[in-house]
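First up is the structure itself, then whatever we jot down about it.
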Amino acid sequence: DNRKRIFSAMRPTGRLHYGHMAGALINWVKLQDEYNCFWGIADWHAMMSDYADPGRLKDNCYEILLDWLAVGVDPEKASVFVQSHVKQHAEIHLALSMITPLGWLQRCPTYKEQILNLQNKDLSTYAFLGYPVLMAGDILLYKSFAVPVGEDQSAHLELTREIARRFNGFYGEIFPEPGTLLTPAAKMPGTDGRKMSKSYGNSLQIAEDMDTIWGKVRTMMTDPARERRTDKGTPEKCPVWDVHKFFNKDAQELSEIYEGCMTAGIGCVDCKKKLMVHLSEMMDPIQKRRTEFAKQRDDLKQILEAGAARARAVAEETMADVYRAMNL
Ligand code: ADP
Ligand code: NA
C-alpha cells in the first residue's frame, strides 16, 4: 500500500454519539478512500483515566467498533484495531518517554483542564501525566503523514511534533513530523445546548432507536428567548438549528425553517419534527448495519485481528528503526 498513512483513535469509554459522527467519523469514511488509514480503539488511553474500573473496557471496544462499522468505517480499506493488541504502542511510549521533558507535560493545557474537570477521579498518576507521550507514540508509530483532529486536539498534536523533533535531534531523522488535517465540522451541541459529550448526559447516541432520539429531541433546548409559540426566535441561538445545519441537506427547507423561526411562522415542535425526518432517514441504514454486525461477534473479532496484524507490520518496521537509532 503506497498511500500516505494516517492515524486516529478514539477511547472506548462509552457509546458514540452524533457529535462523533459529524465531527470525526463522516470524515474518516472519506479519508479511508484516499489514505492508508489506521483507526485505533485506544484502550490504553481509556485505562489511563479509568484504571480503577476497567470492567467494561473490553465490551466497550466492541461497542465502539460497532458504531464505526455502522457509520461506514470499512475494515477492507482501513486497519481497524485495538491499541493494546499492537504491543509496539507500549514500546514506543517508553522510548519517547526517555526524551520528553517533564515540563512539556506539566504545561499541557488538556492535562491541567482534565485535572480540574475530573476531580472525582485520582489522576495523579505517572501514566496520566504521560498521556500525550502515548498519543505521540500512537501517531509516530505509523510515521503518520497527518492526523485528522478537531481544534480541541491541536495542542496535543503540536506536542507530538515537538517530541518527534527532539527524538530526531538526538538520534537522527526517524520520524516525519505529522501534519494536521483539521476536521471541518464545528462543535455539535447536545440536548442542553452545551457541546454534545459522552460525559454531559446530553448526547444522541448512534445506537439509540429513533423513539429514544425523539424523546430527547422533543425536550431539547431551543432559543431560550422563545418562550411561547408566538415569540420570534433567533436560529443562531438555538441548538436545534445547529443540528439541522449538520444533518438537514435540504437547502430549501432549511431556509424556510430559518425564516419561520425568525417570524414565528413555525413552532419549535414543528421544527424538531422536521429535524427528526432527516435524522431518521440518515440513521435508518446505519442502525440496520449496526444490528447486523452486532450478531456477528466472531466476525468482529476477526476484523480486529486482521487490523492489528496490518498495524503490527508497520509498527515493527518503525520500532526496528527506533532500536537501531537508539543503539539498543
Ligand atoms: P475521545 O475521548 O476518544 O477523545 P471524544 O468524545 O473527546 O473522544 O471525541 C472524539 C472526537 O470526536 C473529538 O476529537 C472530536 O473531533 C469529535 N467530537 C466529539 N464530540 C463532538 C461534538 N459534540 N461535535 C463535534 N465533534 C465532536
Ligand atoms: Na477528547
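Going by the C-alpha cells order, chains are called A, B, ..., each with residues numbered from 1, while ligands are numbered from 1 in the order shown.
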Self-check item: Those in stretch 94-260 of chain A with strand (DSSP E) from DSSP, as a PyMOL selection string
Solution: chain A and resi 146-149+179-182
Go ahead and write the residues just picked, C-alpha atoms, as a CSV table (one decimal), in the first residue's frame.
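File produced: part-v3.csv:
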```
chain,number,residue,atom,x,y,z
A,146,ALA,CA,-1.1,13.7,9.1
A,147,VAL,CA,-3.7,13.3,11.8
A,148,PRO,CA,-7.4,14.3,11.4
A,149,VAL,CA,-8.2,16.3,14.5
A,179,GLY,CA,0.7,17.4,9.7
A,180,THR,CA,-2.9,18.4,10.7
A,181,LEU,CA,-6.0,17.5,8.7
A,182,LEU,CA,-8.3,19.9,10.6
```
List as CSV every residue of chain A that is in contact with ligand 2, defined as an atom at most 8 Å from one of its atoms (using only C-alpha atoms and all ligand atoms), together with the nearest atom pair and the distance in Å rounded to one decimal, sorted by chain and then rising number.
```
residue,atom,partner,partner_atom_place_in_ligand_line,distance
A:Met10,CA,ligand 2,1 (Na),7.8
A:Asp152,CA,ligand 2,1 (Na),7.5
A:Gln153,CA,ligand 2,1 (Na),7.2
```
I need the residues from that last selection saved to file as a PDB file, in the first residue's frame (with C-alpha atoms), if you can.
```
ATOM      1  CA  MET A  10     -10.991   7.098  19.966  1.00  0.00           C
ATOM      2  CA  ASP A 152      -9.553  20.735  20.644  1.00  0.00           C
ATOM      3  CA  GLN A 153      -6.738  18.317  19.885  1.00  0.00           C
TER       4      GLN A 153
END
```
Quiz item: Looking at only C-alpha atoms, which of A:Ile286, A:Ala185, A:Ile163, A:Val73 is the one that sits closest to A:Met135?
Solution: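 Result for the nearest residue to A:Met135: A:Ile163.
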Per residue of chain A within 6 Å of ligand 1, which atom pair is closest and at what distance in Å (one decimal), using only C-alpha atoms and all ligand atoms, listed by chain and increasing number, as JSON lines?
```
{"residue": "A:Met10", "atom": "CA", "partner": "ligand 1", "partner_atom_place_in_ligand_line": "3 (O)", "distance": 3.4}
{"residue": "A:Arg11", "atom": "CA", "partner": "ligand 1", "partner_atom_place_in_ligand_line": "3 (O)", "distance": 3.8}
{"residue": "A:Gly19", "atom": "CA", "partner": "ligand 1", "partner_atom_place_in_ligand_line": "22 (C)", "distance": 3.7}
{"residue": "A:His20", "atom": "CA", "partner": "ligand 1", "partner_atom_place_in_ligand_line": "12 (O)", "distance": 4.1}
{"residue": "A:Ala22", "atom": "CA", "partner": "ligand 1", "partner_atom_place_in_ligand_line": "25 (C)", "distance": 5.9}
{"residue": "A:Gly23", "atom": "CA", "partner": "ligand 1", "partner_atom_place_in_ligand_line": "26 (N)", "distance": 3.3}
{"residue": "A:Ala24", "atom": "CA", "partner": "ligand 1", "partner_atom_place_in_ligand_line": "16 (O)", "distance": 5.1}
{"residue": "A:Val149", "atom": "CA", "partner": "ligand 1", "partner_atom_place_in_ligand_line": "16 (O)", "distance": 5.7}
{"residue": "A:Gly150", "atom": "CA", "partner": "ligand 1", "partner_atom_place_in_ligand_line": "16 (O)", "distance": 4.2}
{"residue": "A:Ala186", "atom": "CA", "partner": "ligand 1", "partner_atom_place_in_ligand_line": "25 (C)", "distance": 5.8}
{"residue": "A:Lys187", "atom": "CA", "partner": "ligand 1", "partner_atom_place_in_ligand_line": "24 (N)", "distance": 3.7}
{"residue": "A:Met188", "atom": "CA", "partner": "ligand 1", "partner_atom_place_in_ligand_line": "24 (N)", "distance": 3.7}
{"residue": "A:Pro189", "atom": "CA", "partner": "ligand 1", "partner_atom_place_in_ligand_line": "23 (N)", "distance": 5.6}
{"residue": "A:Lys195", "atom": "CA", "partner": "ligand 1", "partner_atom_place_in_ligand_line": "23 (N)", "distance": 4.7}
{"residue": "A:Met196", "atom": "CA", "partner": "ligand 1", "partner_atom_place_in_ligand_line": "23 (N)", "distance": 3.8}
{"residue": "A:Ser197", "atom": "CA", "partner": "ligand 1", "partner_atom_place_in_ligand_line": "20 (N)", "distance": 5.4}
{"residue": "A:Lys198", "atom": "CA", "partner": "ligand 1", "partner_atom_place_in_ligand_line": "6 (O)", "distance": 5.9}
```
Quiz item: Residues of stretch 184-276 of chain A in alpha helix (DSSP H) according to DSSP, as a VMD selection string?
Solution: chain A and resid 210 to 218 239 to 247 251 to 262 268 to 276
Exercise. Give the answer as one residue: which of A:Asn2, A:Asn60, A:Gln205, A:Asn168 has the shortest atom-to-atom distance to A:Gln287, using only C-alpha atoms?
Key: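 With only C-alpha atoms as the atom set, the closest residue is A:Gln205.
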Quiz item: Which residues, written as an NGL selection string, have at least one atom at most 9 Å from A:Pro12, with only C-alpha atoms counted and residues fewer than 2 positions away on the same chain left out?
Solution: :A and (10 or 14-16 or 41-43 or 45-46 or 57-65)
Atoms to include: N, CA and C atoms. Write the selected residues as a PDB file, in the first residue's frame.
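Once written, part.pdb looks like this:
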```
ATOM      1  N   MET A  10     -10.006   6.659  18.968  1.00  0.00           N
ATOM      2  CA  MET A  10     -10.991   7.098  19.966  1.00  0.00           C
ATOM      3  C   MET A  10     -10.905   6.172  21.160  1.00  0.00           C
ATOM      4  N   GLY A  14     -17.463   4.531  26.093  1.00  0.00           N
ATOM      5  CA  GLY A  14     -18.928   4.594  26.094  1.00  0.00           C
ATOM      6  C   GLY A  14     -19.394   4.671  24.669  1.00  0.00           C
ATOM      7  N   ARG A  15     -20.701   4.674  24.506  1.00  0.00           N
ATOM      8  CA  ARG A  15     -21.222   4.676  23.141  1.00  0.00           C
ATOM      9  C   ARG A  15     -20.997   6.004  22.454  1.00  0.00           C
ATOM     10  N   LEU A  16     -20.792   5.935  21.165  1.00  0.00           N
ATOM     11  CA  LEU A  16     -20.539   7.157  20.401  1.00  0.00           C
ATOM     12  C   LEU A  16     -21.859   7.842  20.061  1.00  0.00           C
ATOM     13  N   ILE A  41      -8.641   1.774  18.437  1.00  0.00           N
ATOM     14  CA  ILE A  41      -9.510   1.836  19.614  1.00  0.00           C
ATOM     15  C   ILE A  41      -8.568   1.923  20.813  1.00  0.00           C
ATOM     16  N   ALA A  42      -8.505   3.110  21.396  1.00  0.00           N
ATOM     17  CA  ALA A  42      -7.419   3.423  22.327  1.00  0.00           C
ATOM     18  C   ALA A  42      -7.745   2.957  23.743  1.00  0.00           C
ATOM     19  N   ASP A  43      -7.618   1.651  23.962  1.00  0.00           N
ATOM     20  CA  ASP A  43      -7.965   1.125  25.285  1.00  0.00           C
ATOM     21  C   ASP A  43      -6.924   1.503  26.355  1.00  0.00           C
ATOM     22  N   HIS A  45      -5.429   4.318  26.475  1.00  0.00           N
ATOM     23  CA  HIS A  45      -5.785   5.699  26.850  1.00  0.00           C
ATOM     24  C   HIS A  45      -6.980   5.712  27.794  1.00  0.00           C
ATOM     25  N   ALA A  46      -7.956   4.844  27.530  1.00  0.00           N
ATOM     26  CA  ALA A  46      -9.120   4.770  28.408  1.00  0.00           C
ATOM     27  C   ALA A  46      -8.690   4.300  29.796  1.00  0.00           C
ATOM     28  N   LEU A  57     -14.229  -2.320  29.810  1.00  0.00           N
ATOM     29  CA  LEU A  57     -13.328  -1.899  28.739  1.00  0.00           C
ATOM     30  C   LEU A  57     -13.436  -2.765  27.485  1.00  0.00           C
ATOM     31  N   LYS A  58     -13.412  -4.082  27.688  1.00  0.00           N
ATOM     32  CA  LYS A  58     -13.440  -4.985  26.532  1.00  0.00           C
ATOM     33  C   LYS A  58     -14.772  -4.878  25.773  1.00  0.00           C
ATOM     34  N   ASP A  59     -15.874  -4.837  26.517  1.00  0.00           N
ATOM     35  CA  ASP A  59     -17.185  -4.675  25.869  1.00  0.00           C
ATOM     36  C   ASP A  59     -17.255  -3.358  25.117  1.00  0.00           C
ATOM     37  N   ASN A  60     -16.710  -2.324  25.729  1.00  0.00           N
ATOM     38  CA  ASN A  60     -16.737  -1.010  25.079  1.00  0.00           C
ATOM     39  C   ASN A  60     -15.944  -0.996  23.781  1.00  0.00           C
ATOM     40  N   CYS A  61     -14.923  -1.828  23.699  1.00  0.00           N
ATOM     41  CA  CYS A  61     -14.169  -1.920  22.435  1.00  0.00           C
ATOM     42  C   CYS A  61     -15.079  -2.432  21.334  1.00  0.00           C
ATOM     43  N   TYR A  62     -15.915  -3.410  21.664  1.00  0.00           N
ATOM     44  CA  TYR A  62     -16.851  -3.925  20.665  1.00  0.00           C
ATOM     45  C   TYR A  62     -17.939  -2.904  20.339  1.00  0.00           C
ATOM     46  N   GLU A  63     -18.393  -2.179  21.334  1.00  0.00           N
ATOM     47  CA  GLU A  63     -19.430  -1.161  21.090  1.00  0.00           C
ATOM     48  C   GLU A  63     -18.931  -0.084  20.130  1.00  0.00           C
ATOM     49  N   ILE A  64     -17.702   0.353  20.368  1.00  0.00           N
ATOM     50  CA  ILE A  64     -17.168   1.424  19.519  1.00  0.00           C
ATOM     51  C   ILE A  64     -16.920   0.889  18.111  1.00  0.00           C
ATOM     52  N   LEU A  65     -16.468  -0.349  18.032  1.00  0.00           N
ATOM     53  CA  LEU A  65     -16.274  -0.962  16.715  1.00  0.00           C
ATOM     54  C   LEU A  65     -17.608  -1.020  15.962  1.00  0.00           C
TER      55      LEU A  65
END
```
Using only C-alpha atoms, find each residue in stretch 142-213 of chain A having at least one atom no more than 9 Å away from stretch 104-109 of chain A; report its shortest atom-to-atom pair and that distance in Å (one decimal), rows by chain then rising number, as JSON lines.
```
{"residue": "A:Ala155", "atom": "CA", "partner": "A:Pro109", "partner_atom": "CA", "distance": 7.6}
{"residue": "A:His156", "atom": "CA", "partner": "A:Cys108", "partner_atom": "CA", "distance": 7.8}
{"residue": "A:Leu159", "atom": "CA", "partner": "A:Trp104", "partner_atom": "CA", "distance": 7.8}
```
Write the selection just made, keeping C-alpha atoms, as a CSV table (one decimal), in the first residue's frame?
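Below is the file result15.csv, written as the result:
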```
chain,number,residue,atom,x,y,z
A,155,ALA,CA,-2.2,21.3,21.2
A,156,HIS,CA,-1.6,17.6,21.6
A,159,LEU,CA,3.4,18.3,21.4
```
Quiz item: From the set A:Thr219, A:Thr212, A:Asn27, A:Ser144, which residue has the shortest atom-to-atom contact distance to A:Ile174, counting only C-alpha atoms?
Solution: A:Ser144
Can you list, as a short mmCIF file (atom, residue, chain, number, x, y, z; two decimals) with N, CA and C atoms, in the first residue's frame, every protein, DNA or RNA residue that comes within 10 Å of A:Leu25 when you count only C-alpha atoms, leaving out same-chain residues fewer than 5 positions away?
```cif
data_model
loop_
_atom_site.label_atom_id
_atom_site.label_comp_id
_atom_site.auth_asym_id
_atom_site.auth_seq_id
_atom_site.Cartn_x
_atom_site.Cartn_y
_atom_site.Cartn_z
N TYR A 18 -23.92 11.46 17.94
CA TYR A 18 -23.99 12.16 16.66
C TYR A 18 -22.85 13.17 16.49
N GLY A 19 -22.33 13.67 17.60
CA GLY A 19 -21.19 14.59 17.53
C GLY A 19 -19.95 13.90 16.99
N HIS A 20 -19.72 12.66 17.42
CA HIS A 20 -18.58 11.90 16.89
C HIS A 20 -18.75 11.66 15.40
N LYS A 30 -14.51 9.22 4.52
CA LYS A 30 -13.97 9.78 3.28
C LYS A 30 -12.48 9.51 3.17
N LEU A 31 -11.77 9.70 4.28
CA LEU A 31 -10.31 9.58 4.26
C LEU A 31 -9.85 8.18 3.88
N ASP A 67 -20.20 0.93 16.34
CA ASP A 67 -20.55 2.28 15.91
C ASP A 67 -19.76 2.67 14.66
N TRP A 68 -18.49 2.36 14.66
CA TRP A 68 -17.65 2.70 13.50
C TRP A 68 -18.14 1.99 12.24
N VAL A 71 -21.44 3.34 10.77
CA VAL A 71 -21.42 4.60 10.01
C VAL A 71 -20.60 4.49 8.74
N GLY A 72 -19.93 3.36 8.53
CA GLY A 72 -19.26 3.15 7.25
C GLY A 72 -17.75 3.02 7.28
N VAL A 73 -17.17 2.96 8.47
CA VAL A 73 -15.75 2.62 8.54
C VAL A 73 -15.61 1.22 7.97
N THR A 183 -10.43 18.80 11.08
CA THR A 183 -11.78 18.32 10.82
C THR A 183 -12.68 19.53 10.54
#
```
Quiz prompt | Surrounding residues of A:Tyr323 excluding itself and chain neighbours under 5 positions, 9 Å, only C-alpha atoms, as a PyMOL selection string | solution = chain A and resi 95+318+328
With N, CA and C atoms retained, could you export that selection as an mmCIF file, in the first residue's frame?
```cif
data_model
loop_
_atom_site.group_PDB
_atom_site.id
_atom_site.type_symbol
_atom_site.label_atom_id
_atom_site.label_comp_id
_atom_site.auth_asym_id
_atom_site.auth_seq_id
_atom_site.Cartn_x
_atom_site.Cartn_y
_atom_site.Cartn_z
ATOM 1 N N ALA A 95 10.087 4.440 24.711
ATOM 2 C CA ALA A 95 11.219 5.053 24.002
ATOM 3 C C ALA A 95 11.086 6.575 23.991
ATOM 4 N N THR A 318 8.851 0.410 12.162
ATOM 5 C CA THR A 318 9.209 1.652 12.860
ATOM 6 C C THR A 318 10.060 1.352 14.089
ATOM 7 N N LEU A 328 20.018 0.280 20.652
ATOM 8 C CA LEU A 328 19.565 -0.759 21.590
ATOM 9 C C LEU A 328 19.760 -2.126 20.957
#
```
Quiz item: Of the candidates A:Thr222, A:Asn36, A:Thr110, A:Asn120, which shows the shortest atom-to-atom distance to A:Arg194, using only C-alpha atoms?
Solution: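 Closest candidate: A:Thr222.
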Contacts of stretch 313-316 of chain A at 9 Å or less, counting only C-alpha atoms, minus same-chain residues fewer than 5 places along, as a PDB file with C-alpha atoms, in the first residue's frame?
```
ATOM      1  CA  VAL A  86      -0.295  -3.908  18.974  1.00  0.00           C
ATOM      2  CA  LYS A  87       2.353  -4.080  21.667  1.00  0.00           C
ATOM      3  CA  GLN A  88       4.597  -1.598  19.898  1.00  0.00           C
ATOM      4  CA  HIS A  89       2.338   1.196  21.200  1.00  0.00           C
ATOM      5  CA  LEU A 141       4.438   4.539  15.279  1.00  0.00           C
ATOM      6  CA  TYR A 142       2.799   4.713  11.851  1.00  0.00           C
ATOM      7  CA  LYS A 143       5.011   7.605  10.697  1.00  0.00           C
ATOM      8  CA  ALA A 308      -3.916  -5.477  14.335  1.00  0.00           C
ATOM      9  CA  ASP A 321      14.317   1.974  13.135  1.00  0.00           C
TER      10      ASP A 321
END
```
Self-check item: Which residue of A:Arg312, A:His93, A:Lys4, A:His278 approaches A:Gly130 most closely, using only C-alpha atoms
Solution: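 Of A:Arg312, A:His93, A:Lys4, A:His278, the one nearest A:Gly130, counting only C-alpha atoms, is A:His93.
Using only C-alpha atoms, the smallest distance between any of A:Arg166, A:Leu116, A:Ala90, A:Ser199 and A:Leu134 comes from A:Ala90.
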